[in-house]
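Chemist: Please find one structure pasted underneath; my questions will follow.
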Amino acid sequence: MSLISSSSFNKWKRDLLHVLYPQNCLICRHEFNQTKLAICPVCLSELVYTHFEDYTGETNLDKLFWGRVQLEGTYALLRFKQENSTQQILHELKYKDNPQVGKHFGKEIGTKLKGLAKFSDVDALVPVPLHPKKEFVRGYNQAEIICKGIAESSGVMLRKDLLKRISFTESQTKKGKSSRWENMQNRFRIQGTKSTGLKHLLVVDDVVTTGSTLETCVRILREEFPDAKISIAVLAVAE
Ligand SMILES: [Zn+2]
């Protein structure tokens with residue numbers, strides 16, 4: 001009675017499932033035979049997690065900001081090493097038009113943070129802003145994409161309106177600023193809309209190396225929110 005054979009129905013079903021649940025690894029993009037996972041077993045085995053959620057003392061990431069800015073908490077999901085798949089994730093996210101990978105790991109970060117008391121009262125996710133020209137070329141801000149993942153699994157609100165980057169040439173026209181910090185500071189400014197009632201801001205970026213960008217963001221937010229707690233979370237910390 002059926003108009004289509006079961007084998008063609010199965011093929012149709014498989015094609016549909018493939019559209020709904022693409023079986024290409026989010027990192028290496030190779031096709032693999034496991035619909036429930038987004039990352040293939042090879043890439044999964046190469047990921048180096050920090051396991052910071054299991055630390056009771058200070059992590060290297062905490063120590064990176066000692067004497068620079070006061071932070072409530074710091075978190076990184078992965079360790080970044082040359083040639084490991086974390087490098088590939090960051091590369092996919094930045095240069096390969098692959099926001100899905102950022103969303104995926106953002107969700108993982110959100111899940112980890114939910115289990116940590118330090119982050120339990122976070123009420124705003126603040127992505128490190130990208131220069132608007134760069135965002136236009138890339139099509140998205142990778143820090144914002146990670147925030148969207150965190151928001152999805154944690155329920156915390158994304159607030160991309162709190163920090164805005166201004167152009168470097170614009171900042172250079174301002175007189176007499178010479179120190180590195182002042183130059184960095186001039187690349188960012190707080191957008192005019194003042195927000196009240198926020199208690200704990202989580203500043204989010206894709207990777208931390210020297211920490212100077214995050215430091216700048218935290219200092220500027222501190223001026224605008226003198227009484228709020230500020231924490232940072234990144235997808236990867238460089239070794
Ligand atoms: Zn893979």
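Going by the structure tokens order, chains are called A, B, ..., each with residues numbered from 1, while ligands are numbered from 1 in the order shown.
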For ligand 1, collect every residue having any atom at a distance of at most 10 Å from a ligand atom (counting only C-alpha atoms and all ligand atoms); output as an mmCIF file with N, CA and C atoms, in the first residue's frame.
Modeler:
```cif
data_model
loop_
_atom_site.group_PDB
_atom_site.id
_atom_site.type_symbol
_atom_site.label_atom_id
_atom_site.label_comp_id
_atom_site.auth_asym_id
_atom_site.auth_seq_id
_atom_site.Cartn_x
_atom_site.Cartn_y
_atom_site.Cartn_z
ATOM 1 N N ASN A 24 29.108 15.486 11.228
ATOM 2 C CA ASN A 24 30.472 15.933 11.021
ATOM 3 C C ASN A 24 30.991 16.509 12.328
ATOM 4 N N CYS A 25 32.195 16.085 12.680
ATOM 5 C CA CYS A 25 32.806 16.557 13.917
ATOM 6 C C CYS A 25 32.893 18.082 13.893
ATOM 7 N N LEU A 26 32.527 18.713 15.011
ATOM 8 C CA LEU A 26 32.551 20.177 15.094
ATOM 9 C C LEU A 26 33.960 20.736 14.999
ATOM 10 N N ILE A 27 34.949 19.912 15.334
ATOM 11 C CA ILE A 27 36.324 20.416 15.327
ATOM 12 C C ILE A 27 37.039 20.107 14.007
ATOM 13 N N CYS A 28 37.141 18.803 13.662
ATOM 14 C CA CYS A 28 37.910 18.448 12.460
ATOM 15 C C CYS A 28 37.037 18.349 11.216
ATOM 16 N N ARG A 29 35.723 18.367 11.420
ATOM 17 C CA ARG A 29 34.726 18.317 10.339
ATOM 18 C C ARG A 29 34.654 16.982 9.603
ATOM 19 N N HIS A 30 35.398 15.991 10.069
ATOM 20 C CA HIS A 30 35.277 14.675 9.453
ATOM 21 C C HIS A 30 33.943 14.055 9.864
ATOM 22 N N GLU A 31 33.371 13.304 8.943
ATOM 23 C CA GLU A 31 32.114 12.641 9.255
ATOM 24 C C GLU A 31 32.396 11.441 10.154
ATOM 25 N N PHE A 32 31.552 11.224 11.112
ATOM 26 C CA PHE A 32 31.733 10.046 11.974
ATOM 27 C C PHE A 32 30.388 9.478 12.367
ATOM 28 N N ALA A 38 28.890 15.553 19.338
ATOM 29 C CA ALA A 38 29.215 16.614 18.385
ATOM 30 C C ALA A 38 30.686 16.569 17.996
ATOM 31 N N ILE A 39 31.479 15.915 18.844
ATOM 32 C CA ILE A 39 32.920 15.874 18.636
ATOM 33 C C ILE A 39 33.328 14.417 18.380
ATOM 34 N N CYS A 40 34.165 14.196 17.366
ATOM 35 C CA CYS A 40 34.551 12.825 17.041
ATOM 36 C C CYS A 40 35.494 12.261 18.120
ATOM 37 N N PRO A 41 35.576 10.939 18.224
ATOM 38 C CA PRO A 41 36.390 10.345 19.288
ATOM 39 C C PRO A 41 37.862 10.775 19.261
ATOM 40 N N VAL A 42 38.406 10.996 18.065
ATOM 41 C CA VAL A 42 39.817 11.390 17.971
ATOM 42 C C VAL A 42 40.024 12.777 18.587
ATOM 43 N N CYS A 43 39.187 13.725 18.170
ATOM 44 C CA CYS A 43 39.305 15.086 18.721
ATOM 45 C C CYS A 43 39.029 15.090 20.222
ATOM 46 N N LEU A 44 38.025 14.298 20.612
ATOM 47 C CA LEU A 44 37.668 14.209 22.037
ATOM 48 C C LEU A 44 38.853 13.726 22.868
ATOM 49 N N SER A 45 39.563 12.746 22.329
ATOM 50 C CA SER A 45 40.696 12.180 23.077
ATOM 51 C C SER A 45 41.859 13.163 23.170
ATOM 52 N N GLU A 46 41.889 14.136 22.248
ATOM 53 C CA GLU A 46 42.994 15.110 22.256
ATOM 54 C C GLU A 46 42.711 16.346 23.104
ATOM 55 N N SER A 85 44.032 19.831 19.940
ATOM 56 C CA SER A 85 42.779 20.151 19.263
ATOM 57 C C SER A 85 42.148 21.431 19.802
ATOM 58 N N GLN A 88 42.916 23.944 17.400
ATOM 59 C CA GLN A 88 42.038 23.809 16.234
ATOM 60 C C GLN A 88 40.656 24.413 16.500
ATOM 61 N N ILE A 89 40.159 24.236 17.737
ATOM 62 C CA ILE A 89 38.868 24.817 18.104
ATOM 63 C C ILE A 89 38.920 26.333 17.954
#
```
Chemist: Can you build me a table of region 62-86 of chain A residues sitting at most 9 Å from region 96-117 of chain A, with the closest atom pair per residue and its distance in Å to one decimal, using only C-alpha atoms, sorted by chain and residue number, as a Markdown table?
Modeler:
```
| residue | atom | partner | partner_atom | distance |
| --- | --- | --- | --- | --- |
| A:Tyr75 | CA | A:Leu113 | CA | 8.1 |
| A:Ala76 | CA | A:Ile109 | CA | 8.0 |
| A:Leu77 | CA | A:Ile109 | CA | 6.3 |
```
Chemist: Running DSSP on the backbone, which parts of region 99-174 of chain A land in helix (DSSP H, G or I), as a ChimeraX atom specification?
Modeler: /A:99-114,117-119,132-138,142-154,168-172
Chemist: Can those selected residues be exported to a file as a PDB file, in the first residue's frame so that it contains C-alpha atoms?
Modeler:
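The result, stored in part_22.pdb:
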```
ATOM      1  CA  PRO A  99      30.372  29.518  15.530  1.00  0.00           C
ATOM      2  CA  GLN A 100      28.760  26.167  16.436  1.00  0.00           C
ATOM      3  CA  VAL A 101      31.980  24.981  18.031  1.00  0.00           C
ATOM      4  CA  GLY A 102      31.996  28.047  20.301  1.00  0.00           C
ATOM      5  CA  LYS A 103      28.381  27.511  21.285  1.00  0.00           C
ATOM      6  CA  HIS A 104      29.059  23.852  22.052  1.00  0.00           C
ATOM      7  CA  PHE A 105      31.947  24.563  24.410  1.00  0.00           C
ATOM      8  CA  GLY A 106      30.150  27.606  25.833  1.00  0.00           C
ATOM      9  CA  LYS A 107      27.380  25.257  26.927  1.00  0.00           C
ATOM     10  CA  GLU A 108      29.978  23.052  28.604  1.00  0.00           C
ATOM     11  CA  ILE A 109      31.383  26.062  30.466  1.00  0.00           C
ATOM     12  CA  GLY A 110      27.891  27.032  31.641  1.00  0.00           C
ATOM     13  CA  THR A 111      27.280  23.526  32.948  1.00  0.00           C
ATOM     14  CA  LYS A 112      30.592  23.511  34.868  1.00  0.00           C
ATOM     15  CA  LEU A 113      30.000  26.973  36.348  1.00  0.00           C
ATOM     16  CA  LYS A 114      26.533  25.974  37.585  1.00  0.00           C
ATOM     17  CA  ALA A 117      29.493  28.252  44.453  1.00  0.00           C
ATOM     18  CA  LYS A 118      31.766  31.153  43.447  1.00  0.00           C
ATOM     19  CA  PHE A 119      29.771  31.686  40.257  1.00  0.00           C
ATOM     20  CA  PRO A 132      33.146  46.259  14.799  1.00  0.00           C
ATOM     21  CA  LYS A 133      35.122  46.007  11.543  1.00  0.00           C
ATOM     22  CA  LYS A 134      36.528  42.630  12.583  1.00  0.00           C
ATOM     23  CA  GLU A 135      33.096  41.452  13.644  1.00  0.00           C
ATOM     24  CA  PHE A 136      31.711  42.506  10.283  1.00  0.00           C
ATOM     25  CA  VAL A 137      34.386  40.498   8.429  1.00  0.00           C
ATOM     26  CA  ARG A 138      34.065  37.431  10.675  1.00  0.00           C
ATOM     27  CA  GLN A 142      33.546  34.611  19.100  1.00  0.00           C
ATOM     28  CA  ALA A 143      33.345  35.726  22.762  1.00  0.00           C
ATOM     29  CA  GLU A 144      29.669  36.510  22.271  1.00  0.00           C
ATOM     30  CA  ILE A 145      29.075  33.082  20.722  1.00  0.00           C
ATOM     31  CA  ILE A 146      30.677  31.423  23.765  1.00  0.00           C
ATOM     32  CA  CYS A 147      28.434  33.596  25.975  1.00  0.00           C
ATOM     33  CA  LYS A 148      25.374  32.370  24.080  1.00  0.00           C
ATOM     34  CA  GLY A 149      26.369  28.793  24.900  1.00  0.00           C
ATOM     35  CA  ILE A 150      26.926  29.675  28.569  1.00  0.00           C
ATOM     36  CA  ALA A 151      23.561  31.471  28.650  1.00  0.00           C
ATOM     37  CA  GLU A 152      21.814  28.435  27.199  1.00  0.00           C
ATOM     38  CA  SER A 153      23.051  25.993  29.828  1.00  0.00           C
ATOM     39  CA  SER A 154      23.171  28.359  32.818  1.00  0.00           C
ATOM     40  CA  PHE A 168      42.319  52.394  17.759  1.00  0.00           C
ATOM     41  CA  THR A 169      42.765  55.401  15.458  1.00  0.00           C
ATOM     42  CA  GLU A 170      39.974  57.114  17.343  1.00  0.00           C
ATOM     43  CA  SER A 171      41.833  56.535  20.580  1.00  0.00           C
ATOM     44  CA  GLN A 172      45.160  57.739  19.195  1.00  0.00           C
TER      45      GLN A 172
END
```
Chemist: How far is it from CA of Leu125 (chain A) to CA of Val203 (chain A), in Å with one decimal?
Modeler: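 So the two atoms, CA of Leu125 (chain A) and CA of Val203 (chain A), lie 6.1 Å apart.
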Chemist: Identify all residues of region 102-170 of chain A in strand (DSSP E or B) (DSSP on the backbone) and supply them as a list in words.
Modeler: Ala124, Leu125, Val126, Pro127, Leu158, Lys164 and Arg165 of chain A
Chemist: Keeping only N, CA and C atoms, write the selected residues as a PDB file, in the first residue's frame.
Modeler:
```pdb
ATOM      1  N   ALA A 124      25.172  38.468  34.858  1.00  0.00           N
ATOM      2  CA  ALA A 124      25.360  39.041  33.519  1.00  0.00           C
ATOM      3  C   ALA A 124      26.609  38.464  32.865  1.00  0.00           C
ATOM      4  N   LEU A 125      26.480  38.060  31.601  1.00  0.00           N
ATOM      5  CA  LEU A 125      27.618  37.574  30.818  1.00  0.00           C
ATOM      6  C   LEU A 125      28.072  38.706  29.905  1.00  0.00           C
ATOM      7  N   VAL A 126      29.336  39.097  30.047  1.00  0.00           N
ATOM      8  CA  VAL A 126      29.849  40.239  29.277  1.00  0.00           C
ATOM      9  C   VAL A 126      30.945  39.753  28.324  1.00  0.00           C
ATOM     10  N   PRO A 127      30.639  39.649  27.025  1.00  0.00           N
ATOM     11  CA  PRO A 127      31.677  39.206  26.086  1.00  0.00           C
ATOM     12  C   PRO A 127      32.716  40.297  25.856  1.00  0.00           C
ATOM     13  N   LEU A 158      22.867  37.327  28.698  1.00  0.00           N
ATOM     14  CA  LEU A 158      23.968  37.901  27.921  1.00  0.00           C
ATOM     15  C   LEU A 158      23.790  39.423  27.883  1.00  0.00           C
ATOM     16  N   LYS A 164      31.962  48.176  24.965  1.00  0.00           N
ATOM     17  CA  LYS A 164      32.020  48.373  23.518  1.00  0.00           C
ATOM     18  C   LYS A 164      33.419  48.812  23.143  1.00  0.00           C
ATOM     19  N   ARG A 165      33.962  48.247  22.076  1.00  0.00           N
ATOM     20  CA  ARG A 165      35.303  48.639  21.655  1.00  0.00           C
ATOM     21  C   ARG A 165      35.216  49.820  20.684  1.00  0.00           C
TER      22      ARG A 165
END
```
Chemist: Mind pulling up the distance from CA of Val122 (chain A) to CA of Ala238 (chain A)?
Modeler: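 Taking CA of Ala238 (chain A) and CA of Val122 (chain A), their separation equals 24.6 Å.
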Chemist: If we count only C-alpha atoms, what is near Gln87 (chain A) at a cut-off of 12 Å, once residues fewer than 2 positions away on the same chain are taken out, given as a list in words?
Modeler: Ile27, Cys28, Cys43, Glu46, Leu47, Val48, Leu78, Arg79, Phe80, Lys81, Gln82, Glu83, Asn84, Ser85, Ile89, Leu90, His91, Glu92, Leu93, Lys94, Tyr95, Asp206, Val207, Leu235, Ala236, Val237, Ala238 and Glu239 of chain A
Chemist: How about saving the chosen residues, C-alpha atoms kept, as a short mmCIF file (atom, residue, chain, number, x, y, z; two decimals), in the first residue's frame?
Modeler:
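Result file follows (out09.cif):
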```cif
data_model
loop_
_atom_site.label_atom_id
_atom_site.label_comp_id
_atom_site.auth_asym_id
_atom_site.auth_seq_id
_atom_site.Cartn_x
_atom_site.Cartn_y
_atom_site.Cartn_z
CA ILE A 27 36.32 20.42 15.33
CA CYS A 28 37.91 18.45 12.46
CA CYS A 43 39.30 15.09 18.72
CA GLU A 46 42.99 15.11 22.26
CA LEU A 47 41.09 17.72 24.28
CA VAL A 48 42.95 18.76 27.41
CA LEU A 78 40.51 23.79 28.20
CA ARG A 79 44.28 24.01 28.11
CA PHE A 80 45.71 25.46 24.95
CA LYS A 81 48.89 23.92 23.60
CA GLN A 82 50.42 24.22 20.17
CA GLU A 83 49.07 21.51 17.90
CA ASN A 84 46.43 20.15 20.26
CA SER A 85 42.78 20.15 19.26
CA ILE A 89 38.87 24.82 18.10
CA LEU A 90 40.11 28.40 18.45
CA HIS A 91 41.17 28.44 14.81
CA GLU A 92 37.76 27.14 13.67
CA LEU A 93 36.06 29.74 15.82
CA LYS A 94 38.18 32.66 14.62
CA TYR A 95 38.90 31.99 11.00
CA ASP A 206 37.90 32.73 23.85
CA VAL A 207 41.50 32.47 25.03
CA LEU A 235 37.31 28.69 26.63
CA ALA A 236 41.05 28.06 26.81
CA VAL A 237 44.07 29.10 28.85
CA ALA A 238 47.47 29.12 27.14
CA GLU A 239 50.15 27.02 28.79
#
```
Chemist: Nearest to Val204 (chain A) among A:Val234, A:Met157, A:Leu64, A:Leu37, with distances taken over only C-alpha atoms: which residue is it?
Modeler: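 Using only C-alpha atoms, the shortest distance to Val204 (chain A) belongs to A:Val234.
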